[in-house]
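> The file below is final11.cif, mmCIF, C-alpha atoms:
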data_data
loop_
_atom_site.label_atom_id
_atom_site.label_comp_id
_atom_site.auth_asym_id
_atom_site.auth_seq_id
_atom_site.Cartn_x
_atom_site.Cartn_y
_atom_site.Cartn_z
CA MET G 1 81.00 107.11 133.26
CA ALA G 2 80.48 110.55 131.66
CA GLN G 3 81.24 112.29 134.96
CA GLU G 4 84.45 110.30 135.36
CA TYR G 5 85.77 111.38 131.95
CA GLU G 6 84.33 114.89 131.88
CA PRO G 7 86.91 117.46 130.78
CA SER G 8 88.24 119.69 133.53
CA ALA G 9 87.39 123.37 133.69
CA GLN G 10 90.94 124.19 132.59
CA THR G 11 90.60 121.94 129.55
CA ILE G 12 87.41 123.71 128.53
CA ARG G 13 89.07 127.12 129.03
CA THR G 14 91.96 125.98 126.84
CA TRP G 15 89.54 124.84 124.12
CA VAL G 16 87.65 128.15 124.24
CA HIS G 17 90.89 130.14 124.11
CA GLN G 18 92.14 128.14 121.10
CA ASP G 19 88.81 128.59 119.34
CA GLN G 20 89.08 132.35 119.89
CA VAL G 21 92.57 132.31 118.38
CA ASP G 22 91.39 130.18 115.45
CA THR G 23 88.52 132.58 114.70
CA GLY G 24 90.73 135.66 114.97
CA GLU G 25 89.21 137.01 118.18
CA ARG G 26 92.53 136.70 120.04
CA PRO G 27 96.13 136.85 118.94
CA GLY G 28 98.25 133.71 118.85
CA LEU G 29 99.05 130.66 116.76
CA THR G 30 96.07 128.97 115.17
CA SER G 31 95.56 125.21 115.39
CA ASP G 32 96.83 124.86 111.82
CA GLU G 33 99.91 126.94 112.60
CA ASN G 34 100.57 124.88 115.75
CA ALA G 35 100.32 121.66 113.73
CA GLU G 36 102.67 123.03 111.07
CA LEU G 37 105.15 124.18 113.72
CA ALA G 38 105.13 120.75 115.36
CA GLN G 39 105.71 119.07 111.98
CA LEU G 40 108.59 121.41 111.15
CA ARG G 41 110.18 120.79 114.56
CA ARG G 42 109.99 117.02 113.95
CA GLU G 43 111.61 117.47 110.55
CA VAL G 44 114.40 119.64 111.95
CA LYS G 45 115.07 117.04 114.65
CA GLU G 46 115.23 114.31 112.01
CA PHE G 47 117.57 116.37 109.79
CA ARG G 48 119.86 117.06 112.74
CA GLU G 49 119.99 113.36 113.60
CA GLU G 50 120.79 112.48 109.98
CA LYS G 51 123.46 115.18 109.86
CA GLU G 52 125.07 113.78 113.01
CA ILE G 53 125.04 110.25 111.59
CA LEU G 54 126.70 111.46 108.38
CA ARG G 55 129.26 113.47 110.35
CA LYS G 56 130.18 110.42 112.44
CA ALA G 57 130.37 108.23 109.33
CA ARG G 58 132.67 110.71 107.63
CA PHE G 59 135.09 110.80 110.58
CA SER G 60 135.09 107.03 111.17
CA SER G 61 136.05 106.21 107.58
#
Would you mind writing the file out in structure tokens?


Amino acid sequence: MAQEYEPSAQTIRTWVHQDQVDTGERPGLTSDENAELAQLRREVKEFREEKEILRKARFSS
């Protein structure tokens, strides 16, 4: 079962690369920065949806 679910070589390379970024060995966004960016993108999407709902409500009244 372990062989069936073993991570691919590319997955391991990605993990190593991200660890190097996280430890400051390579430039790029850290894991924390990536998580924050994803959260902010979700919030912006939500705000845009709410803005569109309010805009439609304003014009339909």

> Run through the PyMOL selection byres ((chain G and resi 31) around 12) on the given coordinates and return the selected residues as a list of chain:residue names.

G:Trp15, G:His17, G:Gln18, G:Asp19, G:Gln20, G:Val21, G:Asp22, G:Thr23, G:Gly24, G:Gly28, G:Leu29, G:Thr30, G:Asp32, G:Glu33, G:Asn34, G:Ala35, G:Glu36, G:Leu37, G:Ala38

> Hey, can you check how far CA of Glu43 (chain G) sits from CA of Arg26 (chain G)?

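CA of Arg26 (chain G) lies 28.7 Å from CA of Glu43 (chain G).
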
> Just to confirm, what's the straight-line distance from CA of Pro27 (chain G) to CA of Arg13 (chain G) in Å (one decimal)?

15.7 Å

> Rounded to one decimal in Å, what is the spacing between CA of Val16 (chain G) and CA of Arg42 (chain G)?

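It comes out at 27.0 Å.
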
> Complete the atoms of region 33-59 of chain G to N, CA, C and O atoms and put them out as an mmCIF file, in the coordinates of the input.


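Writing the result to result09.cif gives the following:
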data_model
loop_
_atom_site.group_PDB
_atom_site.id
_atom_site.type_symbol
_atom_site.label_atom_id
_atom_site.label_comp_id
_atom_site.auth_asym_id
_atom_site.auth_seq_id
_atom_site.Cartn_x
_atom_site.Cartn_y
_atom_site.Cartn_z
ATOM 1 N N GLU G 33 98.532 126.467 112.436
ATOM 2 C CA GLU G 33 99.910 126.940 112.600
ATOM 3 C C GLU G 33 100.644 126.103 113.646
ATOM 4 O O GLU G 33 101.828 125.776 113.469
ATOM 5 N N ASN G 34 99.963 125.736 114.727
ATOM 6 C CA ASN G 34 100.570 124.880 115.750
ATOM 7 C C ASN G 34 100.935 123.514 115.173
ATOM 8 O O ASN G 34 102.007 122.971 115.460
ATOM 9 N N ALA G 35 100.044 122.964 114.353
ATOM 10 C CA ALA G 35 100.320 121.660 113.730
ATOM 11 C C ALA G 35 101.508 121.765 112.782
ATOM 12 O O ALA G 35 102.377 120.881 112.758
ATOM 13 N N GLU G 36 101.553 122.837 111.993
ATOM 14 C CA GLU G 36 102.670 123.030 111.070
ATOM 15 C C GLU G 36 103.981 123.205 111.827
ATOM 16 O O GLU G 36 105.014 122.629 111.454
ATOM 17 N N LEU G 37 103.958 123.968 112.906
ATOM 18 C CA LEU G 37 105.150 124.180 113.720
ATOM 19 C C LEU G 37 105.653 122.865 114.304
ATOM 20 O O LEU G 37 106.853 122.576 114.269
ATOM 21 N N ALA G 38 104.740 122.047 114.803
ATOM 22 C CA ALA G 38 105.130 120.750 115.360
ATOM 23 C C ALA G 38 105.757 119.868 114.286
ATOM 24 O O ALA G 38 106.775 119.202 114.534
ATOM 25 N N GLN G 39 105.170 119.862 113.092
ATOM 26 C CA GLN G 39 105.710 119.070 111.980
ATOM 27 C C GLN G 39 107.102 119.557 111.604
ATOM 28 O O GLN G 39 108.025 118.757 111.391
ATOM 29 N N LEU G 40 107.278 120.857 111.512
ATOM 30 C CA LEU G 40 108.590 121.410 111.150
ATOM 31 C C LEU G 40 109.631 121.095 112.220
ATOM 32 O O LEU G 40 110.787 120.793 111.891
ATOM 33 N N ARG G 41 109.241 121.137 113.479
ATOM 34 C CA ARG G 41 110.180 120.790 114.560
ATOM 35 C C ARG G 41 110.603 119.326 114.464
ATOM 36 O O ARG G 41 111.771 118.999 114.684
ATOM 37 N N ARG G 42 109.644 118.442 114.130
ATOM 38 C CA ARG G 42 109.990 117.020 113.950
ATOM 39 C C ARG G 42 110.972 116.850 112.800
ATOM 40 O O ARG G 42 111.943 116.094 112.890
ATOM 41 N N GLU G 43 110.726 117.565 111.704
ATOM 42 C CA GLU G 43 111.610 117.470 110.550
ATOM 43 C C GLU G 43 113.007 117.987 110.867
ATOM 44 O O GLU G 43 114.003 117.366 110.477
ATOM 45 N N VAL G 44 113.095 119.093 111.575
ATOM 46 C CA VAL G 44 114.400 119.640 111.950
ATOM 47 C C VAL G 44 115.141 118.645 112.832
ATOM 48 O O VAL G 44 116.339 118.412 112.636
ATOM 49 N N LYS G 45 114.440 118.036 113.773
ATOM 50 C CA LYS G 45 115.070 117.040 114.650
ATOM 51 C C LYS G 45 115.609 115.881 113.820
ATOM 52 O O LYS G 45 116.737 115.432 114.025
ATOM 53 N N GLU G 46 114.809 115.412 112.867
ATOM 54 C CA GLU G 46 115.230 114.310 112.010
ATOM 55 C C GLU G 46 116.451 114.703 111.173
ATOM 56 O O GLU G 46 117.407 113.925 111.043
ATOM 57 N N PHE G 47 116.431 115.900 110.595
ATOM 58 C CA PHE G 47 117.570 116.370 109.790
ATOM 59 C C PHE G 47 118.832 116.480 110.639
ATOM 60 O O PHE G 47 119.921 116.128 110.186
ATOM 61 N N ARG G 48 118.695 116.958 111.853
ATOM 62 C CA ARG G 48 119.860 117.060 112.740
ATOM 63 C C ARG G 48 120.429 115.689 113.070
ATOM 64 O O ARG G 48 121.645 115.505 113.123
ATOM 65 N N GLU G 49 119.542 114.717 113.309
ATOM 66 C CA GLU G 49 119.990 113.360 113.600
ATOM 67 C C GLU G 49 120.717 112.768 112.383
ATOM 68 O O GLU G 49 121.771 112.140 112.528
ATOM 69 N N GLU G 50 120.146 112.977 111.192
ATOM 70 C CA GLU G 50 120.790 112.480 109.980
ATOM 71 C C GLU G 50 122.137 113.147 109.752
ATOM 72 O O GLU G 50 123.105 112.490 109.366
ATOM 73 N N LYS G 51 122.202 114.446 110.008
ATOM 74 C CA LYS G 51 123.460 115.180 109.860
ATOM 75 C C LYS G 51 124.518 114.631 110.810
ATOM 76 O O LYS G 51 125.675 114.442 110.416
ATOM 77 N N GLU G 52 124.122 114.329 112.033
ATOM 78 C CA GLU G 52 125.070 113.780 113.010
ATOM 79 C C GLU G 52 125.547 112.394 112.590
ATOM 80 O O GLU G 52 126.732 112.085 112.706
ATOM 81 N N ILE G 53 124.653 111.575 112.061
ATOM 82 C CA ILE G 53 125.040 110.250 111.590
ATOM 83 C C ILE G 53 126.047 110.370 110.442
ATOM 84 O O ILE G 53 127.069 109.678 110.418
ATOM 85 N N LEU G 54 125.778 111.268 109.506
ATOM 86 C CA LEU G 54 126.700 111.460 108.380
ATOM 87 C C LEU G 54 128.042 112.017 108.845
ATOM 88 O O LEU G 54 129.101 111.620 108.337
ATOM 89 N N ARG G 55 128.018 112.915 109.818
ATOM 90 C CA ARG G 55 129.260 113.470 110.350
ATOM 91 C C ARG G 55 130.099 112.360 110.995
ATOM 92 O O ARG G 55 131.308 112.258 110.745
ATOM 93 N N LYS G 56 129.461 111.518 111.784
ATOM 94 C CA LYS G 56 130.180 110.420 112.440
ATOM 95 C C LYS G 56 130.712 109.430 111.407
ATOM 96 O O LYS G 56 131.824 108.921 111.552
ATOM 97 N N ALA G 57 129.932 109.142 110.373
ATOM 98 C CA ALA G 57 130.370 108.230 109.330
ATOM 99 C C ALA G 57 131.564 108.785 108.572
ATOM 100 O O ALA G 57 132.480 108.043 108.211
ATOM 101 N N ARG G 58 131.585 110.074 108.358
ATOM 102 C CA ARG G 58 132.670 110.710 107.630
ATOM 103 C C ARG G 58 133.973 110.612 108.439
ATOM 104 O O ARG G 58 135.032 110.328 107.891
ATOM 105 N N PHE G 59 133.879 110.813 109.754
ATOM 106 C CA PHE G 59 135.090 110.800 110.580
ATOM 107 C C PHE G 59 135.550 109.384 110.937
ATOM 108 O O PHE G 59 136.712 109.182 111.283
#
